[in-house]
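Q: Provided herewith: target_17.pdb, PDB, C-alpha atoms.
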MODEL        1
ATOM      1  CA  MET A  16     -10.773 -40.170  33.353
ATOM      2  CA  ASN A  17     -11.954 -37.995  30.466
ATOM      3  CA  GLU A  18     -11.386 -34.248  30.539
ATOM      4  CA  VAL A  19     -14.481 -32.124  29.829
ATOM      5  CA  VAL A  20     -14.550 -28.469  28.744
ATOM      6  CA  ASN A  21     -17.834 -26.528  28.605
ATOM      7  CA  PHE A  22     -18.400 -23.066  27.163
ATOM      8  CA  ILE A  23     -21.144 -20.939  25.634
ATOM      9  CA  VAL A  24     -20.999 -18.755  22.527
ATOM     10  CA  LEU A  25     -23.689 -16.071  22.362
ATOM     11  CA  GLY A  26     -25.098 -15.125  18.968
ATOM     12  CA  VAL A  27     -27.378 -16.472  16.267
ATOM     13  CA  PRO A  28     -26.028 -19.905  15.256
ATOM     14  CA  GLN A  29     -25.024 -19.976  11.599
ATOM     15  CA  PRO A  30     -24.871 -23.014   9.296
ATOM     16  CA  ARG A  31     -21.934 -24.082   7.192
ATOM     17  CA  GLY A  32     -21.835 -26.646   4.486
ATOM     18  CA  SER A  33     -23.461 -25.437   1.301
ATOM     19  CA  LYS A  34     -20.838 -24.245  -1.150
ATOM     20  CA  VAL A  35     -20.919 -22.070  -4.247
ATOM     21  CA  SER A  36     -18.389 -22.408  -7.062
ATOM     22  CA  ILE A  37     -17.314 -19.152  -8.697
ATOM     23  CA  PRO A  38     -15.072 -18.990 -11.760
ATOM     24  CA  ALA A  39     -12.169 -16.530 -11.817
ATOM     25  CA  TYR A  40     -12.414 -13.957 -14.590
ATOM     26  CA  GLU A  41      -9.850 -11.881 -16.439
ATOM     27  CA  ASP A  42     -10.176  -8.892 -18.752
ATOM     28  CA  ILE A  43      -9.770  -9.531 -22.471
ATOM     29  CA  LEU A  44      -6.906  -7.487 -23.919
ATOM     30  CA  ASP A  45      -6.216  -6.419 -27.488
ATOM     31  CA  ALA A  46      -2.824  -6.862 -29.213
ATOM     32  CA  SER A  47      -1.553  -3.632 -27.602
ATOM     33  CA  GLY A  48      -2.444  -4.825 -24.088
ATOM     34  CA  ASN A  49      -5.454  -2.509 -23.702
ATOM     35  CA  LYS A  50      -8.768  -3.720 -22.296
ATOM     36  CA  ILE A  51     -11.454  -4.435 -24.876
ATOM     37  CA  MET A  52     -14.611  -2.599 -23.829
ATOM     38  CA  HIS A  53     -18.184  -3.742 -24.405
ATOM     39  CA  PRO A  54     -19.830  -1.360 -26.917
ATOM     40  CA  VAL A  55     -23.151  -1.126 -25.017
ATOM     41  CA  THR A  56     -22.234  -1.292 -21.325
ATOM     42  CA  GLY A  57     -18.811   0.325 -21.597
ATOM     43  CA  LYS A  58     -17.408  -2.236 -19.171
ATOM     44  CA  PRO A  59     -14.333  -4.358 -19.911
ATOM     45  CA  ARG A  60     -15.014  -7.636 -21.688
ATOM     46  CA  ARG A  61     -14.102 -10.619 -19.529
ATOM     47  CA  ARG A  62     -13.555 -14.343 -19.885
ATOM     48  CA  VAL A  63     -13.025 -17.242 -17.524
ATOM     49  CA  LYS A  64      -9.396 -17.383 -16.407
ATOM     50  CA  MET A  65      -7.603 -20.595 -17.351
ATOM     51  CA  ASP A  66      -4.775 -22.359 -15.513
ATOM     52  CA  PRO A  67      -1.893 -22.463 -18.029
ATOM     53  CA  LYS A  68      -0.508 -25.744 -16.621
ATOM     54  CA  THR A  69      -3.721 -27.786 -16.729
ATOM     55  CA  ASP A  70      -5.680 -25.789 -19.334
ATOM     56  CA  ARG A  71      -8.712 -25.854 -17.027
ATOM     57  CA  ALA A  72     -10.865 -23.042 -15.719
ATOM     58  CA  ILE A  73      -9.825 -21.626 -12.332
ATOM     59  CA  ILE A  74     -12.760 -22.127  -9.967
ATOM     60  CA  TYR A  75     -13.025 -20.875  -6.392
ATOM     61  CA  THR A  76     -15.354 -22.636  -3.969
ATOM     62  CA  VAL A  77     -16.738 -20.498  -1.157
ATOM     63  CA  ASP A  78     -19.314 -20.918   1.588
ATOM     64  CA  ASP A  79     -22.675 -19.546   0.447
ATOM     65  CA  ASN A  80     -23.463 -18.142   3.928
ATOM     66  CA  LYS A  81     -21.503 -14.924   4.460
ATOM     67  CA  LYS A  82     -22.437 -14.932   8.168
ATOM     68  CA  SER A  83     -20.730 -18.278   8.876
ATOM     69  CA  GLY A  84     -17.222 -16.778   8.831
ATOM     70  CA  PRO A  85     -17.818 -14.221  11.630
ATOM     71  CA  TRP A  86     -19.785 -16.853  13.607
ATOM     72  CA  MET A  87     -16.884 -19.305  13.377
ATOM     73  CA  LYS A  88     -14.400 -16.614  14.494
ATOM     74  CA  LYS A  89     -16.589 -15.967  17.546
ATOM     75  CA  ILE A  90     -16.531 -19.704  18.350
ATOM     76  CA  GLN A  91     -12.752 -19.793  17.922
ATOM     77  CA  ARG A  92     -12.219 -16.859  20.313
ATOM     78  CA  ALA A  93     -14.441 -18.492  22.938
ATOM     79  CA  ALA A  94     -12.671 -21.855  22.502
ATOM     80  CA  VAL A  95      -9.221 -20.307  22.957
ATOM     81  CA  LEU A  96     -10.375 -18.758  26.248
ATOM     82  CA  ALA A  97     -12.105 -21.941  27.425
ATOM     83  CA  LEU A  98      -9.189 -24.250  26.576
ATOM     84  CA  GLN A  99      -6.669 -21.943  28.305
ATOM     85  CA  GLY A 100      -3.615 -22.754  26.201
ATOM     86  CA  ARG A 101      -4.127 -26.509  26.240
ATOM     87  CA  GLU A 102      -2.340 -28.393  23.460
ATOM     88  CA  VAL A 103      -4.337 -29.481  20.423
ATOM     89  CA  PHE A 104      -5.792 -32.917  21.205
ATOM     90  CA  THR A 105      -5.062 -35.829  18.856
ATOM     91  CA  GLY A 106      -7.332 -38.539  20.290
ATOM     92  CA  PRO A 107     -11.066 -39.221  20.044
ATOM     93  CA  VAL A 108     -13.454 -36.412  21.021
ATOM     94  CA  LYS A 109     -17.101 -36.372  22.070
ATOM     95  CA  LEU A 110     -18.655 -33.078  20.979
ATOM     96  CA  THR A 111     -22.077 -32.239  22.412
ATOM     97  CA  LEU A 112     -23.737 -29.170  20.898
ATOM     98  CA  ASP A 113     -26.964 -27.509  22.017
ATOM     99  CA  PHE A 114     -28.127 -24.754  19.668
ATOM    100  CA  TYR A 115     -30.694 -22.251  20.931
ATOM    101  CA  VAL A 116     -32.557 -20.280  18.259
ATOM    102  CA  GLU A 117     -35.147 -17.529  18.600
ATOM    103  CA  ARG A 118     -38.812 -18.439  18.689
ATOM    104  CA  PRO A 119     -41.131 -17.130  15.960
ATOM    105  CA  LEU A 120     -43.313 -14.185  17.011
ATOM    106  CA  ALA A 121     -46.384 -16.406  16.460
ATOM    107  CA  HIS A 122     -45.402 -18.315  19.631
ATOM    108  CA  PHE A 123     -46.169 -15.232  21.726
ATOM    109  CA  GLY A 124     -49.386 -13.456  22.555
ATOM    110  CA  THR A 125     -50.316  -9.986  21.361
ATOM    111  CA  GLY A 126     -51.782  -6.912  22.993
ATOM    112  CA  LYS A 127     -51.927  -7.318  26.778
ATOM    113  CA  ASN A 128     -50.357 -10.820  26.361
ATOM    114  CA  ALA A 129     -47.374  -9.527  24.350
ATOM    115  CA  GLY A 130     -44.188 -11.324  25.357
ATOM    116  CA  ILE A 131     -46.076 -14.190  27.008
ATOM    117  CA  LEU A 132     -45.468 -17.619  25.476
ATOM    118  CA  LYS A 133     -48.636 -19.339  24.252
ATOM    119  CA  GLU A 134     -49.205 -22.603  26.105
ATOM    120  CA  ARG A 135     -49.567 -24.672  22.925
ATOM    121  CA  PHE A 136     -46.002 -23.708  21.897
ATOM    122  CA  ALA A 137     -44.358 -24.399  25.275
ATOM    123  CA  ARG A 138     -42.938 -27.756  24.122
ATOM    124  CA  ALA A 139     -42.396 -26.834  20.468
ATOM    125  CA  LYS A 140     -39.089 -27.738  18.813
ATOM    126  CA  PRO A 141     -37.470 -25.868  15.909
ATOM    127  CA  THR A 142     -38.084 -27.767  12.668
ATOM    128  CA  THR A 143     -37.132 -25.077  10.180
ATOM    129  CA  LYS A 144     -33.811 -24.274   8.499
ATOM    130  CA  PRO A 145     -30.968 -24.314   9.224
ATOM    131  CA  ASP A 146     -30.646 -28.003   9.935
ATOM    132  CA  ARG A 147     -28.699 -29.120  12.995
ATOM    133  CA  LEU A 148     -25.950 -30.921  11.070
ATOM    134  CA  LYS A 149     -24.992 -27.793   9.127
ATOM    135  CA  LEU A 150     -24.987 -25.845  12.390
ATOM    136  CA  ALA A 151     -22.726 -28.523  13.892
ATOM    137  CA  ARG A 152     -20.416 -28.428  10.869
ATOM    138  CA  ALA A 153     -19.672 -24.742  11.516
ATOM    139  CA  VAL A 154     -18.696 -25.502  15.126
ATOM    140  CA  GLU A 155     -16.628 -28.574  14.202
ATOM    141  CA  ASP A 156     -14.740 -26.622  11.537
ATOM    142  CA  ALA A 157     -14.179 -23.679  13.894
ATOM    143  CA  LEU A 158     -12.688 -25.919  16.601
ATOM    144  CA  THR A 159     -10.277 -27.630  14.190
ATOM    145  CA  GLY A 160      -6.726 -26.726  15.130
ATOM    146  CA  ILE A 161      -7.806 -25.293  18.499
ATOM    147  CA  GLY A 162      -9.552 -28.082  20.415
ATOM    148  CA  TYR A 163      -8.489 -30.983  18.219
ATOM    149  CA  ARG A 164      -6.285 -31.564  15.205
ATOM    150  CA  ASP A 165      -9.070 -32.529  12.792
ATOM    151  CA  ASP A 166     -12.865 -32.651  13.031
ATOM    152  CA  ALA A 167     -12.692 -36.300  11.932
ATOM    153  CA  GLN A 168     -11.733 -36.988  15.576
ATOM    154  CA  THR A 169     -15.297 -36.266  16.720
ATOM    155  CA  ILE A 170     -16.689 -39.735  17.281
ATOM    156  CA  ASP A 171     -19.757 -39.087  19.407
ATOM    157  CA  GLY A 172     -22.087 -36.419  20.705
ATOM    158  CA  PRO A 173     -25.416 -35.130  19.501
ATOM    159  CA  PRO A 174     -26.101 -31.753  17.921
ATOM    160  CA  ARG A 175     -29.519 -30.588  19.207
ATOM    161  CA  LYS A 176     -31.731 -27.604  18.370
ATOM    162  CA  HIS A 177     -33.926 -25.862  20.937
ATOM    163  CA  TYR A 178     -35.911 -22.662  21.124
ATOM    164  CA  CYS A 179     -34.611 -20.005  23.488
ATOM    165  CA  GLY A 180     -36.559 -19.562  26.677
ATOM    166  CA  VAL A 181     -38.365 -16.262  27.263
ATOM    167  CA  GLY A 182     -35.711 -13.587  27.741
ATOM    168  CA  GLU A 183     -32.819 -15.847  26.672
ATOM    169  CA  MET A 184     -30.352 -15.048  23.901
ATOM    170  CA  PRO A 185     -29.597 -17.267  20.897
ATOM    171  CA  ARG A 186     -26.420 -19.269  21.488
ATOM    172  CA  VAL A 187     -24.612 -22.557  21.258
ATOM    173  CA  GLU A 188     -23.591 -24.497  24.345
ATOM    174  CA  ILE A 189     -20.503 -26.556  23.582
ATOM    175  CA  GLN A 190     -19.174 -29.504  25.551
ATOM    176  CA  ILE A 191     -15.902 -31.068  24.428
ATOM    177  CA  GLU A 192     -14.995 -34.346  26.087
ATOM    178  CA  PHE A 193     -11.429 -35.426  25.429
ATOM    179  CA  ALA A 194     -11.232 -39.222  25.728
ATOM    180  CA  ALA A 195      -8.537 -40.536  28.049
ATOM    181  CA  VAL A 196      -6.084 -43.074  26.721
ATOM    182  CA  VAL A 197      -7.504 -46.456  27.656
ATOM    183  CA  ALA A 198      -4.370 -48.511  27.152
ATOM    184  CA  THR A 199      -0.786 -47.779  26.246
ATOM    185  CA  VAL A 200       1.591 -49.965  24.317
ATOM    186  CA  GLN A 201       5.228 -49.944  25.299
ATOM    187  CA  ARG A 202       7.522 -48.582  22.621
ATOM    188  CA  SER A 203       9.775 -51.648  22.943
ATOM    189  CA  LEU A 204       6.911 -53.919  21.833
ATOM    190  CA  ILE A 205       6.247 -51.779  18.764
ATOM    191  CA  GLU A 206       9.900 -51.726  17.692
ATOM    192  CA  GLN A 207      10.288 -55.539  17.776
TER     193      GLN A 207
ENDMDL
END
Just give me the structure of the file as structure tokens.

A:
Amino acid sequence: MNEVVNFIVLGVPQPRGSKVSIPAYEDILDASGNKIMHPVTGKPRRRVKMDPKTDRAIIYTVDDNKKSGPWMKKIQRAAVLALQGREVFTGPVKLTLDFYVERPLAHFGTGKNAGILKERFARAKPTTKPDRLKLARAVEDALTGIGYRDDAQTIDGPPRKHYCGVGEMPRVEIQIEFAAVVATVQRSLIEQ
């Protein structure tokens, strides 16, 4: 029988996936070891830092969404509590993710109808950025090393986007299903 763990992380779901490459820079020094200053700006002149072994520019690749880091830490804290010290799983995992994002203000009435959902938007689904796969990538990466060894172990489970209901908070509802071992092979058969 498969073991299932469910938990909720409150907060605005953040995407992960788009990366930005940034070169490392170093100050240009004169023969005496002093920084060479730009004559107009007065700032030190800089150049791309090179790796002396490979003679290539040193490039750092970072996530372009600064909010994804804190979001992933929040997911990790919730996962540690939900998994209650369970060992990192090494088998196949089904990961079901339901993301709830805030509705646009246009979905609600104004004036005396403020806060009341317009009937024509009752069944609306979020079709704007961020896309569900980038939202799922943040969760998969956050759970790596806590719920499972590597996010490559996730073999099934849909990521879905929904609008929050009236009065509900943005969140992600996470269900991790750890697949039971279907068959075992005796060690003696493997060693022969």

Q: Go ahead and compute the interatomic distance for atom CA of Arg62 of chain A and atom CA of Asp78 of chain A, in Å to one decimal.

A: 23.2 Å

Q: I need the output of the PyMOL selection byres ((chain A and resi 113-120) around 10) for this file as number ranges by chain; which residues are they?

A: A: 23-29, 111-112, 121-125, 129-130, 132, 136, 139-141, 147, 150-151, 173-190

Q: Atom CA of Thr169 of chain A and atom CA of Arg101 of chain A, how far apart in Å?

A: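 For atom CA of Arg101 of chain A relative to atom CA of Thr169 of chain A, the distance reads 17.6 Å.
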
Q: Determine the nearest neighbour of Thr76 of chain A from the options A:Leu98, A:Ile131, A:Ala39, A:Val20, counting only C-alpha atoms.

A: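 The shortest atom-to-atom distance to Thr76 of chain A comes from A:Ala39.
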
Q: One decimal, Å: what's the distance from atom CA of Phe22 of chain A over to atom CA of Asp146 of chain A, could you say?

A: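 Value for the atom CA of Phe22 of chain A-atom CA of Asp146 of chain A distance: 21.7 Å.
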
Q: Identify which of the residues A:Pro59, A:Lys133, A:Arg71, A:Val103 lies closest to Asp165 of chain A, counting all atoms listed in the file when measuring atom-to-atom distances.

A: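 Once distances to Asp165 of chain A are computed over all atoms listed in the file, the minimum belongs to A:Val103.
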
Q: For each of A:Asn17, A:Lys88, A:Asn49, A:Tyr40, take the minimum atom-to-atom distance to Met65 of chain A, counting all atoms listed in the file, then give the residue where this is smallest.

A: A:Tyr40

Q: Do you know which residues lie at most 8 Å from (-17.0, -10.6, -24.4), with coordinates as in the file and only C-alpha atoms counted, and could you write them as an MDAnalysis selection string?

A: chainID A and resid 43 53 60:62

Q: Using all atoms listed in the file, which of the listed residues (A:Ala93, A:Met87, A:Ala194, A:Ile170) sits closest to Arg31 of chain A?

A: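 Smallest separation from Arg31 of chain A among the options: A:Met87.
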
Q: Return the single residue from A:Glu134, A:Asp166, A:Glu18, A:Asp79 that is closest to Thr105 of chain A, with distances computed using only C-alpha atoms.

A: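 For Thr105 of chain A, the nearest of the candidates is A:Asp166.
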
Q: Which one is closest to Val108 of chain A: A:Asp45, A:Asp66, A:Asp156, A:Asp171? Count all atoms listed in the file.

A: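 So, comparing all the options, the nearest one is A:Asp171.
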
Q: Quick one: segment 148-162 of chain A with N, CA and C atoms, as a tab-separated table (two decimals), in the coordinates of the input?

A:
chain	number	residue	atom	x	y	z
A	148	LEU	N	-27.25	-30.41	11.50
A	148	LEU	CA	-25.95	-30.92	11.07
A	148	LEU	C	-25.10	-29.83	10.43
A	149	LYS	N	-25.75	-28.91	9.70
A	149	LYS	CA	-24.99	-27.79	9.13
A	149	LYS	C	-24.57	-26.81	10.21
A	150	LEU	N	-25.39	-26.66	11.25
A	150	LEU	CA	-24.99	-25.84	12.39
A	150	LEU	C	-23.78	-26.48	13.08
A	151	ALA	N	-23.83	-27.81	13.24
A	151	ALA	CA	-22.73	-28.52	13.89
A	151	ALA	C	-21.45	-28.44	13.06
A	152	ARG	N	-21.59	-28.49	11.74
A	152	ARG	CA	-20.42	-28.43	10.87
A	152	ARG	C	-19.64	-27.13	11.08
A	153	ALA	N	-20.35	-26.02	11.27
A	153	ALA	CA	-19.67	-24.74	11.52
A	153	ALA	C	-18.85	-24.80	12.80
A	154	VAL	N	-19.41	-25.40	13.85
A	154	VAL	CA	-18.70	-25.50	15.13
A	154	VAL	C	-17.51	-26.45	14.99
A	155	GLU	N	-17.72	-27.61	14.38
A	155	GLU	CA	-16.63	-28.57	14.20
A	155	GLU	C	-15.47	-27.96	13.42
A	156	ASP	N	-15.78	-27.25	12.34
A	156	ASP	CA	-14.74	-26.62	11.54
A	156	ASP	C	-14.02	-25.53	12.33
A	157	ALA	N	-14.78	-24.77	13.11
A	157	ALA	CA	-14.18	-23.68	13.89
A	157	ALA	C	-13.22	-24.21	14.96
A	158	LEU	N	-13.52	-25.36	15.53
A	158	LEU	CA	-12.69	-25.92	16.60
A	158	LEU	C	-11.46	-26.67	16.09
A	159	THR	N	-11.41	-26.93	14.78
A	159	THR	CA	-10.28	-27.63	14.19
A	159	THR	C	-9.02	-26.79	14.36
A	160	GLY	N	-7.99	-27.42	14.90
A	160	GLY	CA	-6.73	-26.73	15.13
A	160	GLY	C	-6.66	-26.00	16.46
A	161	ILE	N	-7.78	-25.94	17.18
A	161	ILE	CA	-7.81	-25.29	18.50
A	161	ILE	C	-8.07	-26.34	19.57
A	162	GLY	N	-9.20	-27.05	19.44
A	162	GLY	CA	-9.55	-28.08	20.42
A	162	GLY	C	-8.99	-29.43	20.03
